[in-house]
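Structure file my_file_29.txt (compact mmCIF, C-alpha atoms) is printed below.
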# COMPACT_ATOMS: atom_id res chain seq x y z
CA MET S 1 -155.15 192.75 -103.45
CA LYS S 2 -152.93 189.63 -103.20
CA THR S 3 -149.91 191.47 -104.61
CA GLY S 4 -150.25 194.24 -102.02
CA ILE S 5 -150.52 191.77 -99.12
CA ILE S 6 -147.49 189.80 -100.35
CA LEU S 7 -145.45 193.00 -100.68
CA LEU S 8 -146.39 194.01 -97.15
CA ILE S 9 -145.36 190.65 -95.70
CA ILE S 10 -142.07 190.43 -97.62
CA GLY S 11 -141.17 194.03 -96.83
CA HIS S 12 -141.71 193.58 -93.10
CA LEU S 13 -139.75 190.32 -93.00
CA ASN S 14 -136.84 191.85 -94.93
CA PHE S 15 -136.79 194.90 -92.67
CA ILE S 16 -136.69 192.67 -89.57
CA THR S 17 -133.84 190.65 -91.08
CA ASP S 18 -131.81 193.78 -91.84
CA ALA S 19 -132.48 195.11 -88.34
CA LEU S 20 -131.17 191.85 -86.85
CA VAL S 21 -127.99 192.05 -88.92
CA HIS S 22 -127.40 195.63 -87.85
CA GLY S 23 -128.24 195.01 -84.19
CA ILE S 24 -126.23 191.83 -83.78
CA VAL S 25 -123.07 192.61 -85.74
CA LEU S 26 -122.83 195.70 -87.91
CA ARG S 27 -123.36 198.31 -85.21
CA PHE S 28 -120.12 197.11 -83.63
CA VAL S 29 -117.98 196.67 -86.72
CA VAL S 30 -118.89 199.52 -89.11
CA ASP S 31 -115.86 201.74 -89.58
CA PRO S 32 -115.84 204.53 -92.22
CA ARG S 33 -112.07 204.12 -92.62
CA ASP S 34 -112.37 200.46 -93.65
CA PRO S 35 -113.86 200.10 -97.17
CA ILE S 36 -115.12 196.55 -96.56
CA LEU S 37 -116.90 197.42 -93.33
CA LEU S 38 -118.27 200.59 -94.91
CA GLN S 39 -119.66 198.51 -97.76
CA TYR S 40 -121.33 196.22 -95.23
CA GLY S 41 -123.09 199.15 -93.60
CA ILE S 42 -124.18 200.76 -96.87
CA ALA S 43 -125.56 197.51 -98.28
CA ASN S 44 -127.51 196.71 -95.12
CA THR S 45 -128.91 200.25 -94.81
CA ALA S 46 -129.93 200.28 -98.46
CA SER S 47 -131.67 196.94 -98.00
CA ALA S 48 -133.67 198.36 -95.07
CA ILE S 49 -134.68 201.39 -97.18
CA ALA S 50 -135.74 199.08 -100.01
CA ALA S 51 -137.88 197.14 -97.52
CA LEU S 52 -139.62 200.37 -96.50
CA LEU S 53 -140.28 201.19 -100.15
CA THR S 54 -141.72 197.72 -100.64
CA ILE S 55 -144.03 198.20 -97.66
CA SER S 56 -145.19 201.55 -99.07
CA CYS S 57 -145.78 199.94 -102.46
CA GLY S 58 -147.86 197.20 -100.83
CA ILE S 59 -149.99 199.76 -98.98
CA GLY S 60 -150.54 201.68 -102.23
CA ALA S 61 -151.55 198.50 -104.03
CA LEU S 62 -154.09 197.69 -101.32
CA LEU S 63 -155.56 201.18 -101.56
CA LEU S 64 -155.64 200.93 -105.33
CA SER S 65 -157.71 197.77 -105.19
CA HIS S 66 -160.47 199.70 -103.42
CA ARG S 67 -160.18 203.04 -105.25
CA ARG S 68 -159.54 202.35 -108.89
CA VAL S 69 -160.73 205.72 -110.11
CA SER S 70 -158.02 207.82 -108.44
CA ALA S 71 -155.43 208.81 -111.05
CA ALA S 72 -153.07 210.27 -108.43
CA LEU S 73 -153.04 206.97 -106.55
CA LYS S 74 -152.27 205.08 -109.75
CA TRP S 75 -149.28 207.32 -110.49
CA GLY S 76 -148.13 206.99 -106.87
CA VAL S 77 -148.21 203.20 -107.01
CA LEU S 78 -146.37 203.32 -110.34
CA ALA S 79 -143.61 205.50 -108.88
CA LEU S 80 -143.33 203.42 -105.70
CA SER S 81 -143.18 200.12 -107.55
CA ALA S 82 -140.54 201.41 -109.96
CA SER S 83 -138.43 202.83 -107.10
CA SER S 84 -138.81 199.63 -105.09
CA SER S 85 -137.77 197.44 -108.02
CA LEU S 86 -134.68 199.54 -108.77
CA CYS S 87 -133.63 199.88 -105.13
CA CYS S 88 -134.09 196.15 -104.47
CA LEU S 89 -131.98 195.36 -107.52
CA LEU S 90 -129.15 197.55 -106.20
CA CYS S 91 -129.47 195.98 -102.75
CA LEU S 92 -129.33 192.55 -104.32
CA LEU S 93 -126.00 193.41 -105.90
CA GLY S 94 -124.72 194.99 -102.68
CA LEU S 95 -125.62 192.00 -100.55
CA ALA S 96 -124.07 189.63 -103.08
CA ILE S 97 -120.83 191.63 -102.89
CA SER S 98 -120.96 191.58 -99.07
CA ILE S 99 -121.42 187.82 -99.01
CA GLY S 100 -118.57 187.39 -101.49
CA LEU S 101 -116.21 189.58 -99.43
CA THR S 102 -117.11 187.77 -96.23
CA LEU S 103 -116.52 184.37 -97.79
CA GLY S 104 -113.25 185.64 -99.27
CA ASP S 105 -111.67 186.75 -95.97
CA GLN S 106 -113.36 184.03 -93.86
CA GLY S 107 -115.13 186.65 -91.75
CA ARG S 108 -111.99 188.38 -90.47
CA ALA S 109 -113.47 191.80 -91.23
CA LEU S 110 -116.42 191.03 -88.97
CA LEU S 111 -114.03 190.27 -86.10
CA ALA S 112 -112.18 193.60 -86.44
CA PRO S 113 -113.46 195.10 -83.15
CA CYS S 114 -112.54 191.97 -81.21
CA ALA S 115 -109.25 191.71 -79.35
CA LEU S 116 -108.66 187.99 -79.62
CA THR S 117 -105.49 186.96 -77.81
CA PRO S 118 -104.50 183.70 -76.16
CA LEU S 119 -105.03 185.31 -72.77
CA SER S 120 -108.24 187.31 -73.33
CA ARG S 121 -111.13 187.43 -75.71
CA GLU S 122 -112.72 190.84 -75.56
CA CYS S 123 -115.51 191.13 -78.09
CA PRO S 124 -118.85 193.00 -78.01
CA PHE S 125 -120.59 189.94 -79.46
CA ASP S 126 -120.17 186.18 -79.63
CA PRO S 127 -117.29 185.68 -82.11
CA THR S 128 -117.97 181.98 -82.55
CA ARG S 129 -121.34 182.49 -84.24
CA VAL S 130 -121.00 185.85 -85.96
CA TYR S 131 -119.68 184.39 -89.22
CA GLY S 132 -122.44 181.84 -89.81
CA SER S 133 -125.21 184.05 -88.39
CA THR S 134 -124.31 187.02 -90.56
CA LEU S 135 -124.07 184.94 -93.71
CA SER S 136 -127.38 183.24 -92.98
CA LEU S 137 -129.20 186.52 -92.39
CA TRP S 138 -127.67 188.03 -95.52
CA ALA S 139 -128.76 185.00 -97.56
CA ILE S 140 -132.33 185.35 -96.23
CA SER S 141 -132.31 189.07 -97.03
CA LEU S 142 -131.00 188.24 -100.51
CA LEU S 143 -133.94 185.89 -101.06
CA PHE S 144 -136.38 188.54 -99.85
CA ASP S 145 -134.86 191.07 -102.26
CA VAL S 146 -135.47 188.71 -105.16
CA LEU S 147 -139.11 188.29 -104.14
CA GLU S 148 -139.49 192.05 -103.70
CA ILE S 149 -138.18 192.64 -107.21
CA ALA S 150 -140.59 190.09 -108.69
CA PHE S 151 -143.71 191.38 -106.96
CA SER S 152 -142.75 195.05 -107.37
CA ILE S 153 -142.45 194.50 -111.12
CA ARG S 154 -145.84 192.79 -111.07
CA CYS S 155 -147.31 195.77 -109.24
CA LEU S 156 -145.65 198.07 -111.78
CA LEU S 157 -147.27 196.20 -114.65
CA LEU S 158 -150.66 196.36 -112.96
CA ALA S 159 -150.34 200.11 -112.48
CA LEU S 160 -149.34 200.56 -116.12
CA ARG S 161 -152.35 198.53 -117.17
CA LEU S 162 -154.64 200.74 -115.11
CA LEU S 163 -153.08 203.90 -116.56
CA ARG S 164 -153.32 202.71 -120.15
CA PRO S 165 -155.55 205.06 -122.18
CA GLY S 166 -158.78 203.56 -123.38
CA ARG S 167 -158.62 200.87 -120.71
CA CYS S 168 -162.27 201.21 -119.77
CA ARG S 169 -164.47 199.07 -121.91
CA ARG S 170 -167.23 200.99 -123.40
CA GLY S 171 -170.38 199.39 -124.57
CA THR S 172 -169.97 198.07 -128.03
CA PRO S 173 -172.51 199.62 -130.36
CA ARG S 174 -175.13 197.17 -131.32
CA ASP S 175 -175.47 196.44 -134.97
CA LYS S 176 -178.68 197.74 -136.32
CA VAL S 177 -180.61 194.94 -137.93
CA SER S 178 -182.49 196.21 -140.89
CA LEU S 179 -185.41 194.03 -141.74
CA PRO S 180 -186.11 193.75 -145.43
CA ALA S 181 -189.18 195.81 -146.20
CA ALA S 182 -191.95 193.95 -147.86
CA ALA S 183 -192.38 194.98 -151.44
CA VAL S 184 -195.62 196.87 -151.84
CA GLU S 185 -197.19 196.47 -155.21
CA ILE S 186 -198.71 199.71 -156.44
CA PRO S 187 -201.35 199.10 -159.08
CA GLU S 188 -201.22 201.11 -162.24
CA PRO S 189 -203.99 203.67 -163.01
CA GLY S 190 -205.49 201.44 -165.68
CA GLN S 191 -205.86 198.58 -163.26
CA CYS S 192 -207.63 200.85 -160.76
CA LEU S 193 -210.19 201.94 -163.40
CA GLY S 194 -210.79 198.31 -164.35
CA LEU S 195 -211.45 197.39 -160.75
CA LEU S 196 -213.89 200.28 -160.37
CA ARG S 197 -215.80 199.22 -163.46
CA MET S 198 -216.02 195.64 -162.19
CA ASP S 199 -217.34 196.83 -158.85
CA SER S 200 -219.96 199.08 -160.47
CA ALA S 201 -221.11 196.23 -162.74
CA GLU S 202 -221.50 193.83 -159.83
CA THR S 203 -223.47 196.52 -157.91
CA ALA S 204 -225.82 196.98 -160.85
CA ARG S 205 -226.44 193.25 -161.04
CA LEU S 206 -227.35 193.19 -157.34
File written out as structure tokens:
Amino acid sequence: MKTGIILLIIGHLNFITDALVHGIVLRFVVDPRDPILLQYGIANTASAIAALLTISCGIGALLLSHRRVSAALKWGVLALSASSSLCCLLCLLGLAISIGLTLGDQGRALLAPCALTPLSRECPFDPTRVYGSTLSLWAISLLFDVLEIAFSIRCLLLALRLLRPGRCRRGTPRDKVSLPAAAVEIPEPGQCLGLLRMDSAETARL
């Protein structure tokens, strides 16, 4: 239950962060002919897709906590958690590369659509804040990707534990306690005849 709620929260926050990056900067600067700008767009789009997978994994985990007998749901959560973990790992690498490229060229690639001249500054966004804002949002998204990987792996392990054969605990057979039978002494035939003679003698005396 807690893992599913955490995945839902992290997934939504990461998706909002990626949407802000795309809406503020990347929708103006993405150019398929520029490899750096193309890498920016691919990394941000992949991060948004990973956030959607994380949200789906969280919903599956919440459903699984209420319906533990559904095998199809268990396999679905297993597939979603594995896909989310792998996709978030790739997005983590992509965002790290984007941050490294941006720090390397001091944000000049982000200012490509701007015509900055001494006489005019034509830019579809505020060029004074785009560098710091983009790096900050990418760093937040990077942190969310790390959390998504951690909790997706945890959800994966929980699904594997539920799918493990023989998981259900059956009642342990109780050990049968055998009480020692009391030894029954069987008199011999001679002893029986002696007892009968003693009884007959006492009856005659009476």
What lies within 10 Å of Gly76 (chain S) using all atoms listed in the file, ignoring chain neighbours under 2 positions off, as an mmCIF file with C-alpha atoms, in the coordinates of the input?
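New file selection-v2.cif:
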data_model
loop_
_atom_site.group_PDB
_atom_site.id
_atom_site.type_symbol
_atom_site.label_atom_id
_atom_site.label_comp_id
_atom_site.auth_asym_id
_atom_site.auth_seq_id
_atom_site.Cartn_x
_atom_site.Cartn_y
_atom_site.Cartn_z
ATOM 1 C CA SER S 56 -145.190 201.550 -99.070
ATOM 2 C CA CYS S 57 -145.780 199.940 -102.460
ATOM 3 C CA GLY S 60 -150.540 201.680 -102.230
ATOM 4 C CA ALA S 61 -151.550 198.500 -104.030
ATOM 5 C CA LEU S 64 -155.640 200.930 -105.330
ATOM 6 C CA ALA S 71 -155.430 208.810 -111.050
ATOM 7 C CA ALA S 72 -153.070 210.270 -108.430
ATOM 8 C CA LEU S 73 -153.040 206.970 -106.550
ATOM 9 C CA LYS S 74 -152.270 205.080 -109.750
ATOM 10 C CA LEU S 78 -146.370 203.320 -110.340
ATOM 11 C CA ALA S 79 -143.610 205.500 -108.880
ATOM 12 C CA LEU S 80 -143.330 203.420 -105.700
ATOM 13 C CA SER S 81 -143.180 200.120 -107.550
ATOM 14 C CA ALA S 82 -140.540 201.410 -109.960
ATOM 15 C CA ALA S 159 -150.340 200.110 -112.480
#
Q: Can you work out the spacing between CA of Asp18 (chain S) and CA of Ala51 (chain S) in Å, to one decimal?
A: 9.0 Å
Q: Rank nothing, just name the residue among S:Ile10, S:Leu26, S:Ala19, S:Leu135 nearest to Leu38 (chain S), using all atoms listed in the file.
A: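 Smallest distance to Leu38 (chain S) is found for S:Leu26.
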Q. Of the candidates S:Ser136, S:Ile153, S:Leu8, S:Asn14, which shows the shortest atom-to-atom distance to Ala46 (chain S), using only C-alpha atoms?
A. S:Asn14
Q) Using all atoms listed in the file, which of S:Val29, S:Val130, S:Leu86, S:Leu101 sits nearest Ala150 (chain S)? A)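 Counting all atoms listed in the file, the residue closest to Ala150 (chain S) is S:Leu86.
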Q) Which neighbours of His22 (chain S) fall inside 12 Å, counting all atoms listed in the file, when residues of the same chain fewer than 6 positions from it are skipped, and could you give them as a ChimeraX atom specification? A) /S:15-16,28-30,37,40-48,110,130,133-134,137-138
Q.
Please compute the CA of Cys87 (chain S)-CA of Ile49 (chain S) distance, one decimal, in Å.
A.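 Separation between CA of Cys87 (chain S) and CA of Ile49 (chain S): 8.2 Å.
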Q.
If I take CA of Leu63 (chain S) and CA of Ala50 (chain S), how far is one from the other in Å, to one decimal?
A. 20.0 Å
